[in-house]
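First the structure, in the form of structure tokens, and then the observations on it.
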Amino acid sequence: MEAHTLSERKTGSAPSAPGPEPGGGQTEPPWREWLRSPLTISTAACVALAALSVAVLPTVPSYDPWSWVVWGREVVDPHLSFSLGGGPSWKPLPVIFTTVFGLFGGAAPTLWVAAARAGGLLALPAAYRLARRLLPGAPAWAGVTAGLIAVAGVVLTQDWFYYMYRGTSEPLLIATSLWAVDRHLAGHRESAFVLGVATSLMRPEAWPFLGIYAIWLWLREPSLRTRALLVLGLAAVAFFWFVPPWISTGHPFLAASHAHQYNGHLGSSPFITVLHRGVDIQVLPALIAAVAAIGLAWWRRVDRLVLWLAGLVMAWWVVVVGMTLVGYPGLERFYLPAAALICVLAGVGVVGLAQLGGELVRGRLATPRRVDWAVPAALALVLVGVSVGVPATRSRATQVRTQERIASRAVTRLDQLSAAVAAVGGHRGVYPCRSSFASVNHSAQTALAFKLHVTLGRVGTAMRHQGLLFLGPHDSIDGGAPAINRRLTRRQLIATVGAWQVYRLTVPGASTRCVGGRRLAAQAAAGA
């Protein structure tokens with residue numbers, strides 16, 4: 001048993017799933033093995049917790065998730081055209097979910113947030129399992145400690161609480177990428193590939209990794225079923241990224257053009273800025289502990305799996321930086337799969353330093369000739385992590401209360417927006433003609449499109465034509481107020497609901513037959 005564990009650490013791989021004993025009778029049915037899979041059990045638990053969170057926490061999507069809900073409804077609603085214009089960049093996997101949720105009408109936004117939260121929670125057991133897997137043969141306390149540190153690191157990645165409250169896809173991205181690594185190490189290569197496909201349907205940075213893994217798996221597993229899965233998976237990535245935009249707009253590379261149009265506020269030195277973002281996405285102590293894990297793995301020359309995962313992190317960084325230098329925005333969240341693996345390595349690093357300290361105290365260090373530089377380096381890493389990183393860690397930990405308050409305000413604000421829509425007559429009151437137009441604060445555009453049951457192109461973030469202007473506060477929830485065409489000089493307030501005011505903007509002397517809110521405008525004029 002000891003020899004097997006040592007071999008495991010030297011090769012950097014986990015033992016394969018045990019096969020049936022010769023003459024041991026029938027194998028277990030695949031469906032029963034699937035039900036007992038750690039991924040299946042974790043998914044069921046996380047779905048239950050996410051459903052509970054919808055009942056007890058403020059639940060409302062942010063800008064991008066609202067657009068996915070709108071697009072999903074467009075796919076299943078015969079009265080709406082499928083139109084990707086006027087919104088954020090196309091992202092296939094969330095829209096696959098929201099297409100199903102679109103069958104449930106007004107419940108679709110809540111269902112999507114619940115699904116996104118389930119994905120975010122699912123990232124935590126994956127981080128825990130991976131950290132423990134990197135310490136084969138270690139005492140139980142070491143594996144548990146490493147796992148808990150990995151989980152804490154993931155939770156403290158930048159904006160994690162915002163993502164969880166507002167239903168973005170980033171926590172789900174962490175889950176699919178970490179579980180893909182876990183399933184590969186467990187010997188479930190097909191499951192790992194499917195999870196890689198899911199990751200690739202959210203981030204194009206995953207495409208090179210999926211392609212390389214598909215080639216490796218094609219050569220390693222020559223079965224017809226596996227090769228059919230590889231072909232279908234790669235085809236699915238190409239189809240869902242390029243065909244829907246092509247059908248909707250005639251431009252298959254719409255997502256790439258949207259990404260190029262947004263400069264990401266990279267400043268005068270995109271290279272330095274994007275590198276800084278890669279450092280900043282996880283808390284500094286996690287990055288320092290991960291470096292310690294890599295150093296210890298190289299020093300002891302047995303933990304090759306740690307080095308392989310470190311190489312995977314660096315490769316992801318290279319892809320993100322390279323894509324930034326050719327015009328992509330290089331945002332912090334693009335680093336999330338790498339940041340999650342850094343948090344896993346951080347757990348291993350902390351435990352490794354603790355074990356090194358214990359060996360020194362007991363005088364049983366295996367390679368004493370290297371103590372002269374190893375111990376000062378380890379102590380320096382710990383001191384830097386504590387002195388510099390603790391304030392940042394405390395700041396991120398307080399976000400849970402801050403984001404809860406912001407999400408509560410967002411729920412109230414969007415409920416008021418729904419009431420404002422009802423006050424002006426709903427869809428028919430705003431759009432008496434097919435050419436009618438409405439506008440709203442930038443960050444509320446996608447939500448208003450859902451509430452008005454229209455495509456995103458019919459709700460502007462600038463008041464370009466005659467129509468109704470829904471004006472809310474200029475803050476992080478609603479975004480900036482729409483710019484108004486100078487020709488729209490006649491402004492009439494027709495409704496006020498909570499923080500929202502609805503104005504009817506027209507051009508003097510022009511026909512207003514297709515401008516919404518006519519009845520309320522007439523009442524306001526009569527009252528004046």
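Letters A, B, ... go to the chains of the structure tokens in the order shown; residues in each chain start at 1; ligands are counted from 1 in the same order.
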Test item: residues at most 6 Å from region 489-503 of chain A, only C-alpha atoms, excluding those fewer than 3 positions along its chain, as a list in words =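 Close residues of region 489-503 of chain A: Gln416, Ala420, Leu468, Leu469, Phe470, Leu471, Gly472, Thr506, Leu520 and Ala521 of chain A.
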Going by DSSP on the backbone, which bits of region 412-504 of chain A are strand (DSSP E)? Write them as number ranges by chain, please.
-> A: 438-440, 459-460, 462-463, 467-471, 483-484, 490-497, 500-504
How about saving the chosen residues, N, CA and C atoms kept, as a PDB file, in the first residue's frame?
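Dumped everything to result.pdb:
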```pdb
ATOM      1  N   ALA A 438     -38.688  52.877 -26.856  1.00  0.00           N
ATOM      2  CA  ALA A 438     -38.536  53.205 -25.436  1.00  0.00           C
ATOM      3  C   ALA A 438     -37.053  53.183 -25.091  1.00  0.00           C
ATOM      4  N   SER A 439     -36.706  53.882 -24.035  1.00  0.00           N
ATOM      5  CA  SER A 439     -35.311  53.938 -23.602  1.00  0.00           C
ATOM      6  C   SER A 439     -35.256  53.928 -22.080  1.00  0.00           C
ATOM      7  N   VAL A 440     -34.091  53.544 -21.541  1.00  0.00           N
ATOM      8  CA  VAL A 440     -33.946  53.415 -20.092  1.00  0.00           C
ATOM      9  C   VAL A 440     -32.470  53.521 -19.738  1.00  0.00           C
ATOM     10  N   VAL A 459     -35.493  48.419 -26.968  1.00  0.00           N
ATOM     11  CA  VAL A 459     -35.247  49.207 -25.751  1.00  0.00           C
ATOM     12  C   VAL A 459     -33.847  49.803 -25.875  1.00  0.00           C
ATOM     13  N   GLY A 460     -33.764  51.097 -26.001  1.00  0.00           N
ATOM     14  CA  GLY A 460     -32.474  51.732 -26.204  1.00  0.00           C
ATOM     15  C   GLY A 460     -31.838  52.191 -24.906  1.00  0.00           C
ATOM     16  N   ALA A 462     -30.034  54.947 -25.338  1.00  0.00           N
ATOM     17  CA  ALA A 462     -29.973  56.345 -25.753  1.00  0.00           C
ATOM     18  C   ALA A 462     -31.321  56.681 -26.379  1.00  0.00           C
ATOM     19  N   MET A 463     -31.834  57.877 -26.100  1.00  0.00           N
ATOM     20  CA  MET A 463     -33.141  58.294 -26.623  1.00  0.00           C
ATOM     21  C   MET A 463     -32.939  58.890 -28.006  1.00  0.00           C
ATOM     22  N   GLY A 467     -40.497  58.687 -28.122  1.00  0.00           N
ATOM     23  CA  GLY A 467     -40.920  57.515 -27.373  1.00  0.00           C
ATOM     24  C   GLY A 467     -40.982  57.792 -25.891  1.00  0.00           C
ATOM     25  N   LEU A 468     -40.986  56.709 -25.118  1.00  0.00           N
ATOM     26  CA  LEU A 468     -41.047  56.817 -23.660  1.00  0.00           C
ATOM     27  C   LEU A 468     -39.668  56.605 -23.065  1.00  0.00           C
ATOM     28  N   LEU A 469     -39.337  57.476 -22.132  1.00  0.00           N
ATOM     29  CA  LEU A 469     -38.070  57.391 -21.422  1.00  0.00           C
ATOM     30  C   LEU A 469     -38.341  56.968 -19.982  1.00  0.00           C
ATOM     31  N   PHE A 470     -37.789  55.796 -19.590  1.00  0.00           N
ATOM     32  CA  PHE A 470     -37.851  55.334 -18.197  1.00  0.00           C
ATOM     33  C   PHE A 470     -36.547  55.779 -17.536  1.00  0.00           C
ATOM     34  N   LEU A 471     -36.655  56.721 -16.626  1.00  0.00           N
ATOM     35  CA  LEU A 471     -35.469  57.331 -16.037  1.00  0.00           C
ATOM     36  C   LEU A 471     -35.360  56.968 -14.560  1.00  0.00           C
ATOM     37  N   ALA A 483     -28.590  59.144 -23.144  1.00  0.00           N
ATOM     38  CA  ALA A 483     -28.378  60.395 -23.862  1.00  0.00           C
ATOM     39  C   ALA A 483     -29.629  60.684 -24.693  1.00  0.00           C
ATOM     40  N   ILE A 484     -29.997  61.955 -24.799  1.00  0.00           N
ATOM     41  CA  ILE A 484     -31.255  62.336 -25.458  1.00  0.00           C
ATOM     42  C   ILE A 484     -30.951  63.152 -26.708  1.00  0.00           C
ATOM     43  N   ARG A 490     -39.629  68.379 -26.469  1.00  0.00           N
ATOM     44  CA  ARG A 490     -40.875  68.369 -25.705  1.00  0.00           C
ATOM     45  C   ARG A 490     -40.867  67.171 -24.765  1.00  0.00           C
ATOM     46  N   ARG A 491     -40.802  67.441 -23.470  1.00  0.00           N
ATOM     47  CA  ARG A 491     -40.731  66.384 -22.452  1.00  0.00           C
ATOM     48  C   ARG A 491     -41.925  66.506 -21.523  1.00  0.00           C
ATOM     49  N   GLN A 492     -42.642  65.397 -21.338  1.00  0.00           N
ATOM     50  CA  GLN A 492     -43.849  65.381 -20.520  1.00  0.00           C
ATOM     51  C   GLN A 492     -43.773  64.227 -19.522  1.00  0.00           C
ATOM     52  N   LEU A 493     -43.790  64.520 -18.235  1.00  0.00           N
ATOM     53  CA  LEU A 493     -43.784  63.484 -17.201  1.00  0.00           C
ATOM     54  C   LEU A 493     -45.168  62.855 -17.123  1.00  0.00           C
ATOM     55  N   ILE A 494     -45.250  61.536 -17.336  1.00  0.00           N
ATOM     56  CA  ILE A 494     -46.561  60.881 -17.344  1.00  0.00           C
ATOM     57  C   ILE A 494     -46.742  59.889 -16.203  1.00  0.00           C
ATOM     58  N   ALA A 495     -45.657  59.503 -15.504  1.00  0.00           N
ATOM     59  CA  ALA A 495     -45.804  58.563 -14.388  1.00  0.00           C
ATOM     60  C   ALA A 495     -44.568  58.630 -13.501  1.00  0.00           C
ATOM     61  N   THR A 496     -44.797  58.450 -12.208  1.00  0.00           N
ATOM     62  CA  THR A 496     -43.712  58.340 -11.229  1.00  0.00           C
ATOM     63  C   THR A 496     -44.019  57.166 -10.317  1.00  0.00           C
ATOM     64  N   VAL A 497     -43.120  56.200 -10.267  1.00  0.00           N
ATOM     65  CA  VAL A 497     -43.289  55.027  -9.410  1.00  0.00           C
ATOM     66  C   VAL A 497     -41.970  54.781  -8.683  1.00  0.00           C
ATOM     67  N   TRP A 500     -38.479  55.618 -10.151  1.00  0.00           N
ATOM     68  CA  TRP A 500     -38.572  55.742 -11.606  1.00  0.00           C
ATOM     69  C   TRP A 500     -39.531  56.848 -12.015  1.00  0.00           C
ATOM     70  N   GLN A 501     -39.111  57.571 -13.043  1.00  0.00           N
ATOM     71  CA  GLN A 501     -39.976  58.543 -13.696  1.00  0.00           C
ATOM     72  C   GLN A 501     -40.091  58.171 -15.175  1.00  0.00           C
ATOM     73  N   VAL A 502     -41.300  58.275 -15.722  1.00  0.00           N
ATOM     74  CA  VAL A 502     -41.525  57.942 -17.125  1.00  0.00           C
ATOM     75  C   VAL A 502     -41.906  59.220 -17.860  1.00  0.00           C
ATOM     76  N   TYR A 503     -41.111  59.570 -18.869  1.00  0.00           N
ATOM     77  CA  TYR A 503     -41.336  60.765 -19.657  1.00  0.00           C
ATOM     78  C   TYR A 503     -41.747  60.377 -21.082  1.00  0.00           C
ATOM     79  N   ARG A 504     -42.560  61.222 -21.656  1.00  0.00           N
ATOM     80  CA  ARG A 504     -42.920  61.093 -23.077  1.00  0.00           C
ATOM     81  C   ARG A 504     -42.161  62.182 -23.833  1.00  0.00           C
TER      82      ARG A 504
END
```
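For the choices A:Gly295, A:Gly347, A:Gly311, A:Gly327, the atom-to-atom distance to Thr145 (chain A) is smallest for A:Gly347 when using only C-alpha atoms.
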Mind checking which residues fall within 9 Å of Ile477 (chain A), counting only C-alpha atoms, ignoring those fewer than 2 positions away in the same chain, and posting them as an NGL selection string?
-> :A and (62 or 406-407 or 409-410 or 413 or 443-444 or 473-475 or 479)
Just C-alpha atoms for this one: save the residues we selected as a CSV table (one decimal), in the first residue's frame.
```
chain,number,residue,atom,x,y,z
A,62,SER,CA,-27.8,41.6,-13.4
A,406,ILE,CA,-27.1,46.0,-3.1
A,407,ALA,CA,-29.0,42.9,-4.3
A,409,ARG,CA,-32.0,47.4,-3.5
A,410,ALA,CA,-31.9,45.9,-6.9
A,413,ARG,CA,-35.7,49.0,-7.9
A,443,SER,CA,-27.9,48.7,-16.8
A,444,ALA,CA,-31.7,48.3,-16.7
A,473,PRO,CA,-31.2,56.9,-10.5
A,474,HIS,CA,-27.7,57.0,-11.9
A,475,ASP,CA,-26.0,54.3,-9.7
A,479,GLY,CA,-26.3,52.7,-14.7
```
Using only C-alpha atoms, which residues sit within 9 Å of Gly106 (chain A) once same-chain residues fewer than 4 positions away are excluded, as a list in words?
-> Gly102, Thr110, Phe450 and Lys451 of chain A
Near Val515 (chain A), counting only C-alpha atoms, which residues have an atom at most 10 Å away, once you skip same-chain residues fewer than 4 positions from it, shown as number ranges by chain?
-> A: 429-433, 435-438, 465-468, 504-506, 511
Using only C-alpha atoms, the residue out of A:Ala123, A:Val274, A:Ile212, A:Ala51 with shortest distance to Val318 (chain A) is A:Val274
Return as a PyMOL selection string the full set of residues in region 113-244 of chain A whose backbone-based DSSP assignment is alpha helix (DSSP H).
-> chain A and resi 113-133+140-155+160-166+170-185+189-200+207-220+224-244
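Taking CA of Ala146 (chain A) as the reference point, CA of Ala292 (chain A) is found at 13.2 Å.
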Long-range neighbours of Ile96 (chain A) as a list in words, 12 Å cut-off, only C-alpha atoms, 2 positions minimum in chain | Trp68, Val69, Val70, Trp71, Gly72, Arg73, Glu74, Val75, Val76, Trp90, Lys91, Pro92, Leu93, Pro94, Thr98, Thr99, Val100, Phe101, Gly102, Trp112, Ala115, Ala198, Leu201, Met202, Ala236, Phe240, Trp241 and Pro244 of chain A
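Omitting Val319 (chain A) and its sequence neighbours fewer than 3 positions away, and counting only C-alpha atoms, the residues within 10 Å are Pro204, Glu205, Ala206, Trp207, Pro208, Phe209, Met314, Ala315, Trp316, Gly322, Met323, Thr324, Leu325, Phe334 and Tyr335 of chain A.
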Write the selection just made, keeping N, CA and C atoms, as a CSV table (one decimal), in the first residue's frame?
```csv
chain,number,residue,atom,x,y,z
A,204,PRO,N,-14.1,31.5,-24.5
A,204,PRO,CA,-13.3,31.0,-25.6
A,204,PRO,C,-11.9,30.7,-25.2
A,205,GLU,N,-11.4,31.2,-24.1
A,205,GLU,CA,-10.0,30.9,-23.6
A,205,GLU,C,-9.9,29.4,-23.4
A,206,ALA,N,-11.0,28.6,-23.2
A,206,ALA,CA,-10.9,27.2,-23.0
A,206,ALA,C,-10.8,26.4,-24.2
A,207,TRP,N,-11.0,27.0,-25.4
A,207,TRP,CA,-11.0,26.3,-26.7
A,207,TRP,C,-9.7,25.5,-26.9
A,208,PRO,N,-8.5,26.2,-26.8
A,208,PRO,CA,-7.2,25.4,-27.0
A,208,PRO,C,-7.1,24.2,-26.1
A,209,PHE,N,-7.5,24.4,-24.8
A,209,PHE,CA,-7.3,23.3,-23.9
A,209,PHE,C,-8.3,22.1,-24.3
A,314,MET,N,-0.5,28.6,-15.7
A,314,MET,CA,0.4,29.4,-16.5
A,314,MET,C,-0.1,29.4,-18.0
A,315,ALA,N,-0.5,28.3,-18.5
A,315,ALA,CA,-1.0,28.2,-19.9
A,315,ALA,C,-2.3,29.1,-20.0
A,316,TRP,N,-3.2,29.0,-19.0
A,316,TRP,CA,-4.4,29.8,-19.1
A,316,TRP,C,-4.0,31.3,-19.1
A,322,GLY,N,-2.5,36.7,-24.2
A,322,GLY,CA,-2.3,36.8,-25.7
A,322,GLY,C,-3.6,37.3,-26.3
A,323,MET,N,-4.8,36.9,-25.9
A,323,MET,CA,-6.0,37.4,-26.5
A,323,MET,C,-6.2,38.9,-26.2
A,324,THR,N,-5.7,39.3,-25.0
A,324,THR,CA,-5.8,40.7,-24.7
A,324,THR,C,-5.0,41.6,-25.6
A,325,LEU,N,-3.8,41.1,-25.9
A,325,LEU,CA,-2.9,41.8,-26.8
A,325,LEU,C,-3.4,41.9,-28.2
A,334,PHE,N,-11.9,36.8,-16.7
A,334,PHE,CA,-11.4,35.8,-17.6
A,334,PHE,C,-10.4,34.9,-17.0
A,335,TYR,N,-9.8,35.3,-15.9
A,335,TYR,CA,-8.8,34.4,-15.2
A,335,TYR,C,-9.4,33.4,-14.2
```
Per residue of region 284-357 of chain A within 10 Å of region 181-197 of chain A, what are the shortest atom pair and its distance in Å to one decimal, counting only C-alpha atoms, with rows by chain and residue number, as a tab-separated table?
```
residue	atom	partner	partner_atom	distance
A:Leu305	CA	A:Leu185	CA	9.7
A:Leu309	CA	A:Val181	CA	9.1
A:Leu341	CA	A:Val181	CA	9.5
```
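Closest approach to Ala354 (chain A) among A:Ala422, A:Ala449, A:Val454, A:Ala289: A:Ala289, based on only C-alpha atoms.
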Which residue out of A:Leu312, A:Leu336, A:Ala142, A:Cys343 has the minimum interatomic distance to Val291 (chain A) when only C-alpha atoms are used?
->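 Once distances to Val291 (chain A) are computed over only C-alpha atoms, the minimum belongs to A:Cys343.
Among A:Thr176, A:Gly105, A:Gln399, A:Leu84, the residue with the shortest atom-to-atom distance to Thr43 (chain A), counting only C-alpha atoms, is A:Thr176.
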Interatomic distance (Å, one decimal) between CA of Arg458 (chain A) and CA of Arg434 (chain A) =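 Between CA of Arg458 (chain A) and CA of Arg434 (chain A) the gap works out to 9.4 Å.
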Which one of A:Pro270, A:Val155, A:Tyr162, A:Glu33 sits closest to Gly330 (chain A) if you count only C-alpha atoms?
->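 The shortest atom-to-atom distance to Gly330 (chain A) comes from A:Pro270.
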